[in-house]
$ cat run.txt   # compact mmCIF, C-alpha atoms
# COMPACT_ATOMS: atom_id res chain seq x y z
CA MET Y 22 -24.37 -8.57 -6.34
CA GLU Y 23 -26.75 -7.44 -9.01
CA LEU Y 24 -27.10 -4.03 -10.63
CA ILE Y 25 -30.59 -2.89 -11.53
CA GLU Y 26 -30.49 0.02 -13.92
CA LYS Y 27 -33.19 2.33 -15.13
CA LYS Y 28 -33.06 5.49 -17.16
CA THR Y 29 -35.23 8.44 -16.32
CA GLU Y 30 -35.47 11.82 -17.99
CA LYS Y 31 -33.33 13.26 -15.21
CA CYS Y 32 -30.62 10.67 -14.66
CA VAL Y 33 -29.53 7.06 -14.74
CA ILE Y 34 -30.47 5.17 -11.59
CA ILE Y 35 -28.34 2.19 -10.56
CA GLY Y 36 -29.70 0.01 -7.80
CA ILE Y 37 -27.11 -2.12 -6.03
CA ASN Y 38 -28.62 -5.38 -4.89
CA GLY Y 39 -26.54 -7.38 -2.38
CA ARG Y 40 -22.93 -6.99 -1.29
CA LEU Y 41 -20.56 -4.53 -2.91
CA ASP Y 42 -17.38 -6.31 -1.91
CA THR Y 43 -13.81 -6.97 -2.86
CA ILE Y 44 -14.67 -9.73 -5.29
CA ASN Y 45 -17.49 -8.10 -7.24
CA TYR Y 46 -16.85 -4.34 -7.12
CA SER Y 47 -15.45 -4.55 -10.64
CA ILE Y 48 -19.00 -5.12 -11.97
CA LEU Y 49 -20.01 -1.69 -10.71
CA GLU Y 50 -16.69 -0.20 -11.79
CA LYS Y 51 -17.16 -1.50 -15.32
CA ARG Y 52 -20.71 -0.20 -15.61
CA LEU Y 53 -19.90 3.23 -14.18
CA THR Y 54 -16.92 3.54 -16.51
CA GLU Y 55 -19.12 2.67 -19.50
CA LEU Y 56 -21.66 5.30 -18.50
CA LEU Y 57 -19.02 7.95 -17.92
CA ASP Y 58 -17.38 7.14 -21.24
CA GLN Y 59 -20.79 7.69 -22.85
CA ASN Y 60 -20.84 11.14 -21.20
CA VAL Y 61 -23.59 10.23 -18.77
CA THR Y 62 -22.96 12.72 -15.97
CA LYS Y 63 -26.07 12.40 -13.84
CA ILE Y 64 -26.14 9.19 -11.86
CA LEU Y 65 -28.13 8.16 -8.83
CA ILE Y 66 -27.04 5.11 -6.85
CA ASN Y 67 -29.90 3.53 -4.95
CA CYS Y 68 -28.42 1.63 -2.00
CA SER Y 69 -31.67 0.36 -0.46
CA GLN Y 70 -30.80 -3.26 -1.27
CA MET Y 71 -27.04 -2.96 -0.64
CA ASP Y 72 -26.26 -4.75 2.61
CA TYR Y 73 -22.46 -4.56 2.69
CA VAL Y 74 -19.77 -2.34 1.25
CA SER Y 75 -16.02 -2.94 1.45
CA SER Y 76 -13.24 -0.39 1.08
CA SER Y 77 -12.94 -1.54 -2.53
CA GLY Y 78 -16.58 -0.66 -3.06
CA LEU Y 79 -16.05 2.75 -1.48
CA ARG Y 80 -13.08 3.25 -3.80
CA ILE Y 81 -15.25 2.80 -6.88
CA LEU Y 82 -17.83 5.26 -5.58
CA LEU Y 83 -15.06 7.77 -4.81
CA MET Y 84 -13.55 7.33 -8.29
CA ALA Y 85 -16.93 7.93 -9.92
CA LEU Y 86 -17.58 10.98 -7.75
CA LYS Y 87 -14.22 12.49 -8.71
CA ARG Y 88 -14.76 11.88 -12.37
CA ILE Y 89 -18.29 13.26 -12.45
CA THR Y 90 -17.37 16.28 -10.33
CA MET Y 91 -14.65 17.16 -12.85
CA VAL Y 92 -17.26 17.53 -15.59
CA LYS Y 93 -19.69 19.29 -13.25
CA GLY Y 94 -22.15 16.42 -13.30
CA LYS Y 95 -24.05 14.95 -10.38
CA PHE Y 96 -23.40 11.70 -8.54
CA VAL Y 97 -25.90 11.14 -5.77
CA LEU Y 98 -26.64 8.28 -3.38
CA CYS Y 99 -29.88 7.40 -1.66
CA SER Y 100 -31.53 4.96 0.74
CA LEU Y 101 -28.53 3.79 2.73
CA GLN Y 102 -29.21 1.01 5.21
CA GLU Y 103 -28.17 1.78 8.78
CA ASN Y 104 -25.03 -0.38 8.74
CA ILE Y 105 -23.93 1.17 5.46
CA ARG Y 106 -24.57 4.67 6.74
CA GLU Y 107 -22.31 3.89 9.69
CA ILE Y 108 -19.49 2.85 7.35
CA PHE Y 109 -20.01 6.02 5.32
CA GLU Y 110 -19.87 8.12 8.47
CA ILE Y 111 -16.70 6.50 9.80
CA SER Y 112 -14.98 6.91 6.45
CA GLY Y 113 -16.08 10.52 6.07
CA PHE Y 114 -18.09 9.68 2.96
CA THR Y 115 -21.24 11.35 4.31
CA THR Y 116 -19.30 14.61 4.07
CA ILE Y 117 -18.29 14.25 0.44
CA PHE Y 118 -21.33 12.52 -1.09
CA GLU Y 119 -24.78 13.96 -1.52
CA ILE Y 120 -26.97 11.37 0.20
CA HIS Y 121 -30.77 11.35 0.35
CA PRO Y 122 -33.06 9.22 2.47
CA ASN Y 123 -35.06 7.92 -0.50
CA GLU Y 124 -35.12 7.81 -4.30
CA GLU Y 125 -37.93 10.33 -4.64
CA ASP Y 126 -36.04 12.99 -2.68
CA ALA Y 127 -32.84 12.21 -4.56
CA LEU Y 128 -34.49 12.61 -7.95
CA GLY Y 129 -35.52 16.09 -6.88
CA VAL Y 130 -31.92 17.35 -7.03
CA PHE Y 131 -31.31 16.50 -10.69
CA MET D 18 -4.96 -17.36 23.31
CA ALA D 19 -1.20 -17.17 23.33
CA PHE D 20 0.97 -19.75 25.07
CA TYR D 21 2.38 -18.04 28.14
CA ILE D 22 6.08 -18.71 28.58
CA HIS D 23 7.24 -18.05 32.10
CA PHE D 24 9.77 -20.27 33.86
CA LYS D 25 11.75 -19.05 36.85
CA ASP D 26 14.61 -21.53 36.59
CA PRO D 27 16.82 -20.49 33.66
CA ASN D 28 18.18 -24.02 33.40
CA SER D 29 14.83 -25.76 33.59
CA ASP D 30 14.27 -28.81 31.42
CA GLU D 31 10.59 -28.06 31.59
CA ILE D 32 10.89 -24.95 29.44
CA VAL D 33 12.50 -26.96 26.66
CA LYS D 34 9.76 -29.59 26.88
CA PHE D 35 7.07 -26.92 26.93
CA LEU D 36 8.51 -24.99 23.99
CA SER D 37 8.79 -28.12 21.88
CA THR D 38 5.03 -28.63 22.13
CA ILE D 39 4.01 -25.20 20.86
CA PRO D 40 2.53 -25.38 17.35
CA LYS D 41 3.20 -22.92 14.56
CA THR D 42 0.42 -20.48 13.72
CA PRO D 43 0.57 -19.68 10.01
CA GLY D 44 -1.05 -16.44 8.97
CA THR D 45 -0.66 -13.00 7.48
CA CYS D 46 1.32 -10.33 9.25
CA PHE D 47 0.88 -6.62 8.59
CA PHE D 48 2.87 -3.69 9.81
CA MET D 49 1.05 -0.43 9.20
CA ASP D 50 2.57 2.94 9.85
CA ILE D 51 0.81 6.25 9.78
CA ASN D 52 3.00 8.91 8.22
CA ARG D 53 3.59 12.49 9.30
CA SER D 54 2.10 11.99 12.74
CA THR D 55 5.40 12.56 14.57
CA ASP D 56 5.88 15.92 12.86
CA MET D 57 2.34 16.85 13.71
CA LYS D 58 2.91 16.30 17.40
CA TYR D 59 5.50 19.08 17.34
CA GLU D 60 3.45 21.34 15.10
CA GLY D 61 -0.09 20.89 16.37
CA GLY D 62 -1.71 19.86 19.61
CA LEU D 63 -3.60 16.75 20.61
CA THR D 64 -6.75 18.11 19.00
CA ASP D 65 -5.01 18.04 15.63
CA TRP D 66 -3.04 14.80 15.66
CA GLY D 67 -5.53 12.99 17.90
CA ARG D 68 -8.34 13.73 15.48
CA LYS D 69 -6.39 12.61 12.42
CA LEU D 70 -5.13 9.44 14.06
CA ASN D 71 -8.67 8.63 15.17
CA ASN D 72 -9.97 9.18 11.64
CA THR D 73 -7.19 7.18 10.02
CA PHE D 74 -7.40 4.20 12.37
CA ASN D 75 -11.17 4.13 11.81
CA PHE D 76 -10.59 4.22 8.08
CA LEU D 77 -8.28 1.20 8.09
CA SER D 78 -11.03 -1.32 7.48
CA LEU D 79 -8.88 -4.35 8.29
CA LEU D 80 -8.51 -3.08 11.84
CA ASN D 81 -12.29 -3.01 12.14
CA ASP D 82 -12.73 -6.41 10.52
CA PHE D 83 -10.11 -8.10 12.71
CA PRO D 84 -10.08 -6.04 15.93
CA GLN D 85 -8.94 -8.93 18.10
CA TYR D 86 -5.86 -9.45 15.97
CA ILE D 87 -4.28 -6.06 16.43
CA VAL D 88 -1.29 -7.45 18.27
CA LYS D 89 0.36 -4.23 19.26
CA GLY D 90 0.71 -0.60 18.52
CA ILE D 91 3.92 1.29 19.05
CA GLY D 92 3.20 4.93 18.58
CA ASP D 93 1.64 5.21 15.17
CA GLU D 94 2.74 1.80 13.94
CA ILE D 95 0.47 -1.20 14.28
CA MET D 96 1.11 -4.91 13.95
CA LEU D 97 -1.85 -6.95 12.81
CA PHE D 98 -1.60 -10.73 12.61
CA ILE D 99 -4.42 -12.72 11.04
CA PRO D 100 -4.06 -16.49 11.55
CA ASP D 101 -5.18 -18.60 8.59
CA ASP D 102 -8.04 -20.24 10.48
CA VAL D 103 -9.40 -16.81 11.45
CA LEU D 104 -9.13 -15.48 7.89
CA LYS D 105 -10.94 -18.46 6.41
CA THR D 106 -13.95 -18.03 8.70
CA ASN D 107 -14.28 -14.25 8.50
CA PRO D 108 -17.66 -13.40 6.97
CA ALA D 109 -16.46 -10.33 5.06
CA ILE D 110 -12.81 -10.78 4.14
CA ASN D 111 -11.72 -14.38 3.81
CA SER D 112 -8.89 -14.62 1.32
CA TYR D 113 -5.38 -13.21 0.88
CA PHE D 114 -6.50 -11.48 -2.31
CA MET D 115 -9.26 -9.71 -0.40
CA LEU D 116 -6.82 -8.62 2.29
CA LEU D 117 -4.55 -7.05 -0.30
CA GLU D 118 -7.39 -5.47 -2.24
CA GLU D 119 -8.89 -3.99 0.92
CA ILE D 120 -5.66 -2.42 2.09
CA TYR D 121 -4.99 -1.07 -1.39
CA ALA D 122 -8.49 0.44 -1.55
CA THR D 123 -8.04 1.99 1.89
CA LEU D 124 -4.77 3.66 0.94
CA TYR D 125 -6.36 4.83 -2.31
CA ASN D 126 -9.36 6.28 -0.48
CA ILE D 127 -7.13 8.12 1.97
CA LYS D 128 -4.96 9.51 -0.81
CA HIS D 129 -7.90 10.66 -2.91
CA TYR D 130 -10.20 11.84 -0.15
CA PRO D 131 -11.18 15.30 -1.34
CA VAL D 132 -11.24 17.09 2.02
CA LYS D 133 -7.74 17.98 3.17
CA ASP D 134 -6.49 17.39 6.71
CA THR D 135 -8.95 14.61 7.48
CA PHE D 136 -6.75 11.52 7.29
CA LEU D 137 -3.05 10.75 7.30
CA PRO D 138 -1.22 8.75 4.64
CA CYS D 139 -0.09 5.24 5.48
CA LYS D 140 2.48 2.67 4.49
CA VAL D 141 2.03 -1.07 4.88
CA ALA D 142 4.22 -4.18 4.81
CA ILE D 143 2.61 -7.62 4.35
CA HIS D 144 4.14 -11.07 4.65
CA TYR D 145 2.69 -14.55 4.77
CA CYS D 146 4.21 -16.21 7.83
CA THR D 147 4.80 -19.89 8.47
CA GLU D 148 7.61 -19.55 11.02
CA VAL D 149 5.47 -17.96 13.69
CA TYR D 150 4.20 -18.87 17.15
CA ASN D 151 1.34 -17.45 19.19
CA VAL D 152 3.31 -16.99 22.40
CA THR D 153 3.84 -14.33 25.02
CA PHE D 154 6.32 -13.78 27.80
CA PHE D 155 3.92 -11.45 29.64
CA GLU D 156 0.89 -12.70 31.52
CA GLY D 157 -2.42 -11.87 29.89
CA ALA D 158 -0.83 -10.53 26.70
CA ASN D 159 -1.30 -11.82 23.19
CA ASP D 160 1.60 -11.82 20.79
CA TYR D 161 3.20 -13.54 17.82
CA TYR D 162 6.90 -14.26 17.56
CA GLY D 163 9.00 -15.88 14.89
CA SER D 164 11.46 -15.20 12.11
CA ASP D 165 8.65 -14.39 9.67
CA VAL D 166 7.31 -11.68 11.96
CA ASP D 167 10.81 -10.19 12.09
CA LEU D 168 10.95 -10.32 8.31
CA THR D 169 7.67 -8.38 8.06
CA ALA D 170 9.28 -5.66 10.17
CA ARG D 171 12.29 -5.68 7.83
CA LEU D 172 10.00 -5.26 4.81
CA MET D 173 8.68 -2.13 6.47
CA THR D 174 12.08 -0.51 5.89
CA LYS D 175 11.26 -0.52 2.16
CA CYS D 176 7.96 1.27 2.66
CA LEU D 177 7.18 4.84 1.77
CA GLU D 178 4.02 6.87 2.09
CA ASN D 179 1.15 5.37 0.07
CA ARG D 180 3.16 2.22 -0.61
CA ILE D 181 2.43 -1.41 0.10
CA VAL D 182 5.42 -3.75 0.31
CA LEU D 183 4.51 -7.41 0.01
CA SER D 184 6.65 -10.48 0.20
CA GLU D 185 6.78 -12.95 -2.64
CA LYS D 186 5.40 -15.54 -0.25
CA PHE D 187 2.29 -13.46 0.36
CA LEU D 188 1.90 -12.78 -3.37
CA GLY D 189 2.00 -16.54 -3.93
CA LYS D 190 -1.01 -16.94 -1.62
CA VAL D 191 -2.81 -14.13 -3.48
CA HIS D 192 -2.23 -15.89 -6.81
CA GLN D 193 -3.63 -19.13 -5.37
CA ASP D 194 -6.79 -17.22 -4.43
CA LEU D 195 -7.11 -15.66 -7.87
CA GLU D 196 -6.88 -19.07 -9.45
CA ALA D 197 -9.45 -20.53 -7.06
CA LEU D 198 -11.81 -17.62 -7.67
CA GLY D 199 -11.33 -17.80 -11.43
CA LEU D 200 -10.04 -14.23 -11.55
CA SER D 201 -7.35 -12.91 -13.87
CA ASP D 202 -3.90 -12.11 -12.53
CA ARG D 203 -4.50 -8.47 -13.52
CA THR D 204 -7.58 -8.17 -11.28
CA GLY D 205 -7.86 -5.04 -9.17
CA CYS D 206 -4.59 -3.87 -7.63
CA ILE D 207 -2.71 -6.94 -8.85
CA GLY D 208 -2.06 -5.12 -12.10
CA HIS D 209 -0.17 -2.44 -10.15
CA ILE D 210 2.30 -4.81 -8.49
CA SER D 211 5.93 -4.16 -9.38
CA GLU D 212 8.52 -6.59 -10.65
CA PRO D 213 10.35 -8.37 -7.81
CA PHE D 214 13.18 -6.82 -5.82
CA LEU D 215 15.81 -8.77 -3.90
CA GLU D 216 17.22 -7.57 -0.61
CA ASN D 217 19.57 -8.89 2.03
CA PHE D 218 17.90 -7.76 5.21
CA LYS D 219 19.87 -7.45 8.42
CA GLY D 220 19.73 -10.67 10.42
CA VAL D 221 18.05 -12.66 7.66
CA PRO D 222 20.47 -15.29 6.30
CA MET D 223 19.00 -15.47 2.78
CA SER D 224 17.92 -12.87 0.22
CA THR D 225 14.27 -11.85 0.40
CA LYS D 226 12.15 -11.30 -2.67
CA PHE D 227 9.48 -8.64 -2.37
CA ARG D 228 7.27 -6.42 -4.51
CA ILE D 229 5.77 -3.00 -4.11
CA ILE D 230 2.51 -1.30 -4.99
CA ASP D 231 2.62 2.47 -5.06
CA VAL D 232 -0.93 3.67 -4.69
CA GLU D 233 -1.54 6.30 -7.37
$ encode --input "run.txt" --output "structure tokens"
Amino acid sequence: MELIEKKTEKCVIIGINGRLDTINYSILEKRLTELLDQNVTKILINCSQMDYVSSSGLRILLMALKRITMVKGKFVLCSLQENIREIFEISGFTTIFEIHPNEEDALGVF
Amino acid sequence: MAFYIHFKDPNSDEIVKFLSTIPKTPGTCFFMDINRSTDMKYEGGLTDWGRKLNNTFNFLSLLNDFPQYIVKGIGDEIMLFIPDDVLKTNPAINSYFMLLEEIYATLYNIKHYPVKDTFLPCKVAIHYCTEVYNVTFFEGANDYYGSDVDLTARLMTKCLENRIVLSEKFLGKVHQDLEALGLSDRTGCIGHISEPFLENFKGVPMSTKFRIIDVE
């Protein structure tokens, strides 16, 4: 998995490229923790290139959501592939995350 | 497919011959129990407990990754047995460390899910089994028997809500994975594993060492 990060005026965008699985989720965890520790509270996760997510990956997203919600920030996801959307639906994550079909729409909420 | 054991003559020599040919099937055994669901059946109707059980079973990712290895469900308790050869060839989860990390993450996600009354908390016992046979006494059924399966059930007696109980034998397999993957022995949930406990379980002739992870 590779993280592709870019900063915009509105938020930090993290693109997840590849599998967010049990072995590599700590890469995302570490980066999100660094950003949160730097008081970055507006984060967009672009999932267009993410082709697998494990429960461990979901855990990191949930942790980040909780932490950002506490400081009234915004943690938004976009561009979920169909198989990922299905996992999000089964796990109820579509109810708790703000998810947009593409990056352009997602940027509009910041 | 399980070896079907069914001999009509109780004194048959054939059964002894047949049994002596059955190989062991090493693998990982899980007992998973969904908490509070019995209470709910008295308090709410099928629409309440049925919905939450549906949601929770869906959420248990291991059940979706290894659907053919759900050996049995008794009420709200499930036995899952993943033979080593199946684990090694699974495209998503193919090590003992990943099994543990996935179940930990699932329990964490259930505990921290922000919408109340969606899922039910779980407890899980895990043991790495070597004394186990893929046999059944009932035609068409699949099952696993052996002293290690019984021990997994005994470990379940040490489980509480949001707790994973794992045998020392399973932890040993996890540590082998960490070493092979070049990961630290504090990786992920490993840092939350307790010191060992010793217990003399009923019917088990020697003390059993086990550990717990309370999902916080």
$ residues_around --input "run.txt" --residues "Asn52 of chain D" --least-positions-apart "3" --cutoff "9 Å" --atoms "all atoms listed in the file" --output "VMD selection string"
chain D and resid 55 to 56 93 137 to 140 177 to 178
$ write_last_selection --input "run.txt" --atoms "C-alpha atoms" --output "mmCIF file, in the frame of the given file"
data_model
loop_
_atom_site.group_PDB
_atom_site.id
_atom_site.type_symbol
_atom_site.label_atom_id
_atom_site.label_comp_id
_atom_site.auth_asym_id
_atom_site.auth_seq_id
_atom_site.Cartn_x
_atom_site.Cartn_y
_atom_site.Cartn_z
ATOM 1 C CA THR D 55 5.400 12.560 14.570
ATOM 2 C CA ASP D 56 5.880 15.920 12.860
ATOM 3 C CA ASP D 93 1.640 5.210 15.170
ATOM 4 C CA LEU D 137 -3.050 10.750 7.300
ATOM 5 C CA PRO D 138 -1.220 8.750 4.640
ATOM 6 C CA CYS D 139 -0.090 5.240 5.480
ATOM 7 C CA LYS D 140 2.480 2.670 4.490
ATOM 8 C CA LEU D 177 7.180 4.840 1.770
ATOM 9 C CA GLU D 178 4.020 6.870 2.090
#
$ closest_residue --input "run.txt" --among "Y:Ile48, Y:Leu56, Y:Val97, Y:Val92" --to "chain D" --atoms "all atoms listed in the file"
Y:Ile48
$ closest_atom_pairs --input "run.txt" --of "chain D" --to "chain Y" --cutoff "6 Å" --atoms "all atoms listed in the file" --output "JSON lines"
{"residue": "D:Phe76", "atom": "CA", "partner": "Y:Ser112", "partner_atom": "CA", "distance": 5.4}
{"residue": "D:Met115", "atom": "CA", "partner": "Y:Thr43", "partner_atom": "CA", "distance": 5.9}
{"residue": "D:Glu119", "atom": "CA", "partner": "Y:Ser76", "partner_atom": "CA", "distance": 5.6}
{"residue": "D:Ala122", "atom": "CA", "partner": "Y:Ser77", "partner_atom": "CA", "distance": 5.0}
{"residue": "D:Thr123", "atom": "CA", "partner": "Y:Ser76", "partner_atom": "CA", "distance": 5.8}
{"residue": "D:Asn126", "atom": "CA", "partner": "Y:Arg80", "partner_atom": "CA", "distance": 5.8}
$ closest_residue --input "run.txt" --among "D:Phe20, D:Tyr113, D:Phe48, D:Tyr86" --to "Ala197 of chain D" --atoms "all atoms listed in the file"
D:Tyr113
$ closest_residue --input "run.txt" --among "Y:Val61, Y:Ala85, Y:Ile120, Y:Cys68" --to "Gln102 of chain Y" --atoms "all atoms listed in the file"
Y:Cys68
$ residues_around --input "run.txt" --residues "Leu36 of chain D" --least-positions-apart "2" --cutoff "12 Å" --atoms "all atoms listed in the file" --output "PDB file with C-alpha atoms, keeping the file's coordinate frame"
ATOM      1  CA  PHE D  20       0.970 -19.750  25.070  1.00  0.00           C
ATOM      2  CA  TYR D  21       2.380 -18.040  28.140  1.00  0.00           C
ATOM      3  CA  ILE D  22       6.080 -18.710  28.580  1.00  0.00           C
ATOM      4  CA  HIS D  23       7.240 -18.050  32.100  1.00  0.00           C
ATOM      5  CA  PHE D  24       9.770 -20.270  33.860  1.00  0.00           C
ATOM      6  CA  SER D  29      14.830 -25.760  33.590  1.00  0.00           C
ATOM      7  CA  ASP D  30      14.270 -28.810  31.420  1.00  0.00           C
ATOM      8  CA  GLU D  31      10.590 -28.060  31.590  1.00  0.00           C
ATOM      9  CA  ILE D  32      10.890 -24.950  29.440  1.00  0.00           C
ATOM     10  CA  VAL D  33      12.500 -26.960  26.660  1.00  0.00           C
ATOM     11  CA  LYS D  34       9.760 -29.590  26.880  1.00  0.00           C
ATOM     12  CA  THR D  38       5.030 -28.630  22.130  1.00  0.00           C
ATOM     13  CA  ILE D  39       4.010 -25.200  20.860  1.00  0.00           C
ATOM     14  CA  PRO D  40       2.530 -25.380  17.350  1.00  0.00           C
ATOM     15  CA  LYS D  41       3.200 -22.920  14.560  1.00  0.00           C
ATOM     16  CA  TYR D 150       4.200 -18.870  17.150  1.00  0.00           C
ATOM     17  CA  ASN D 151       1.340 -17.450  19.190  1.00  0.00           C
ATOM     18  CA  VAL D 152       3.310 -16.990  22.400  1.00  0.00           C
ATOM     19  CA  THR D 153       3.840 -14.330  25.020  1.00  0.00           C
TER      20      THR D 153
END
$ residues_near_point --input "run.txt" --point "(-25.6, -2.2, -1.6)" --cutoff "9 Å" --atoms "all atoms listed in the file" --output "list in words"
Met22, Gly36, Ile37, Asn38, Gly39, Arg40, Leu41, Asn67, Cys68, Ser69, Gln70, Met71, Asp72, Tyr73, Val74, Leu101, Gln102 and Ile105 of chain Y
$ atom_distance --input "run.txt" --atom1 "atom CA of Tyr145 of chain D" --atom2 "atom CA of Ile181 of chain D"
13.9 Å
$ atom_distance --input "run.txt" --atom1 "atom CA of Ser184 of chain D" --atom2 "atom CA of Leu172 of chain D"
7.7 Å
$ atom_distance --input "run.txt" --atom1 "atom CA of Glu50 of chain Y" --atom2 "atom CA of Ile210 of chain D"
19.8 Å
$ residues_around --input "run.txt" --residues "segment 126-131 of chain Y" --least-positions-apart "4" --cutoff "9 Å" --atoms "all atoms listed in the file" --output "list in words"
Lys31, Cys32, Lys63, Leu65, Lys95, Val97, Leu98, Cys99, Glu119, Ile120, His121 and Pro122 of chain Y
$ residues_around --input "run.txt" --residues "segment 60-73 of chain D" --least-positions-apart "2" --cutoff "6 Å" --atoms "only C-alpha atoms" --output "list in words"
Met57, Lys58, Asn75, Phe76, Thr135 and Phe136 of chain D
$ decode --input "run.txt" --residues "segment 115-137 of chain D" --atoms "N, CA and C atoms" --output "mmCIF file, in the first residue's frame"
data_model
loop_
_atom_site.group_PDB
_atom_site.id
_atom_site.type_symbol
_atom_site.label_atom_id
_atom_site.label_comp_id
_atom_site.auth_asym_id
_atom_site.auth_seq_id
_atom_site.Cartn_x
_atom_site.Cartn_y
_atom_site.Cartn_z
ATOM 1 N N MET D 115 -2.498 -12.403 11.356
ATOM 2 C CA MET D 115 -3.610 -11.704 10.707
ATOM 3 C C MET D 115 -4.951 -12.140 11.289
ATOM 4 N N LEU D 116 -5.069 -13.416 11.612
ATOM 5 C CA LEU D 116 -6.314 -13.891 12.233
ATOM 6 C C LEU D 116 -6.574 -13.140 13.533
ATOM 7 N N LEU D 117 -5.530 -13.052 14.352
ATOM 8 C CA LEU D 117 -5.688 -12.402 15.656
ATOM 9 C C LEU D 117 -5.977 -10.910 15.477
ATOM 10 N N GLU D 118 -5.262 -10.289 14.597
ATOM 11 C CA GLU D 118 -5.425 -8.852 14.383
ATOM 12 C C GLU D 118 -6.830 -8.543 13.841
ATOM 13 N N GLU D 119 -7.317 -9.403 12.973
ATOM 14 C CA GLU D 119 -8.650 -9.188 12.408
ATOM 15 C C GLU D 119 -9.739 -9.318 13.471
ATOM 16 N N ILE D 120 -9.602 -10.324 14.315
ATOM 17 C CA ILE D 120 -10.654 -10.512 15.318
ATOM 18 C C ILE D 120 -10.593 -9.393 16.356
ATOM 19 N N TYR D 121 -9.375 -8.964 16.661
ATOM 20 C CA TYR D 121 -9.226 -7.832 17.591
ATOM 21 C C TYR D 121 -9.886 -6.578 16.995
ATOM 22 N N ALA D 122 -9.584 -6.307 15.736
ATOM 23 C CA ALA D 122 -10.134 -5.113 15.075
ATOM 24 C C ALA D 122 -11.660 -5.187 15.029
ATOM 25 N N THR D 123 -12.187 -6.371 14.787
ATOM 26 C CA THR D 123 -13.645 -6.525 14.726
ATOM 27 C C THR D 123 -14.280 -6.207 16.075
ATOM 28 N N LEU D 124 -13.701 -6.763 17.137
ATOM 29 C CA LEU D 124 -14.249 -6.486 18.469
ATOM 30 C C LEU D 124 -14.127 -5.002 18.810
ATOM 31 N N TYR D 125 -13.009 -4.412 18.396
ATOM 32 C CA TYR D 125 -12.804 -2.972 18.629
ATOM 33 C C TYR D 125 -13.883 -2.176 17.884
ATOM 34 N N ASN D 126 -14.090 -2.517 16.622
ATOM 35 C CA ASN D 126 -15.057 -1.768 15.811
ATOM 36 C C ASN D 126 -16.474 -1.893 16.368
ATOM 37 N N ILE D 127 -16.799 -3.066 16.873
ATOM 38 C CA ILE D 127 -18.129 -3.246 17.475
ATOM 39 C C ILE D 127 -18.240 -2.388 18.739
ATOM 40 N N LYS D 128 -17.200 -2.446 19.550
ATOM 41 C CA LYS D 128 -17.241 -1.705 20.822
ATOM 42 C C LYS D 128 -17.326 -0.194 20.589
ATOM 43 N N HIS D 129 -16.635 0.281 19.582
ATOM 44 C CA HIS D 129 -16.548 1.734 19.379
ATOM 45 C C HIS D 129 -17.500 2.253 18.304
ATOM 46 N N TYR D 130 -18.345 1.390 17.776
ATOM 47 C CA TYR D 130 -19.266 1.849 16.747
ATOM 48 C C TYR D 130 -20.175 2.913 17.366
ATOM 49 N N PRO D 131 -20.250 4.077 16.744
ATOM 50 C CA PRO D 131 -20.908 5.194 17.437
ATOM 51 C C PRO D 131 -22.433 5.157 17.488
ATOM 52 N N VAL D 132 -23.060 4.289 16.710
ATOM 53 C CA VAL D 132 -24.534 4.232 16.751
ATOM 54 C C VAL D 132 -24.943 3.074 17.660
ATOM 55 N N LYS D 133 -25.658 3.401 18.719
ATOM 56 C CA LYS D 133 -26.046 2.369 19.687
ATOM 57 C C LYS D 133 -27.049 1.387 19.084
ATOM 58 N N ASP D 134 -27.104 0.204 19.695
ATOM 59 C CA ASP D 134 -28.100 -0.809 19.316
ATOM 60 C C ASP D 134 -27.987 -1.289 17.874
ATOM 61 N N THR D 135 -26.774 -1.294 17.355
ATOM 62 C CA THR D 135 -26.584 -1.801 15.996
ATOM 63 C C THR D 135 -25.988 -3.209 16.028
ATOM 64 N N PHE D 136 -24.967 -3.367 16.867
ATOM 65 C CA PHE D 136 -24.274 -4.652 16.982
ATOM 66 C C PHE D 136 -24.322 -5.132 18.427
ATOM 67 N N LEU D 137 -23.891 -6.370 18.621
ATOM 68 C CA LEU D 137 -23.805 -6.915 19.980
ATOM 69 C C LEU D 137 -22.341 -7.242 20.291
#
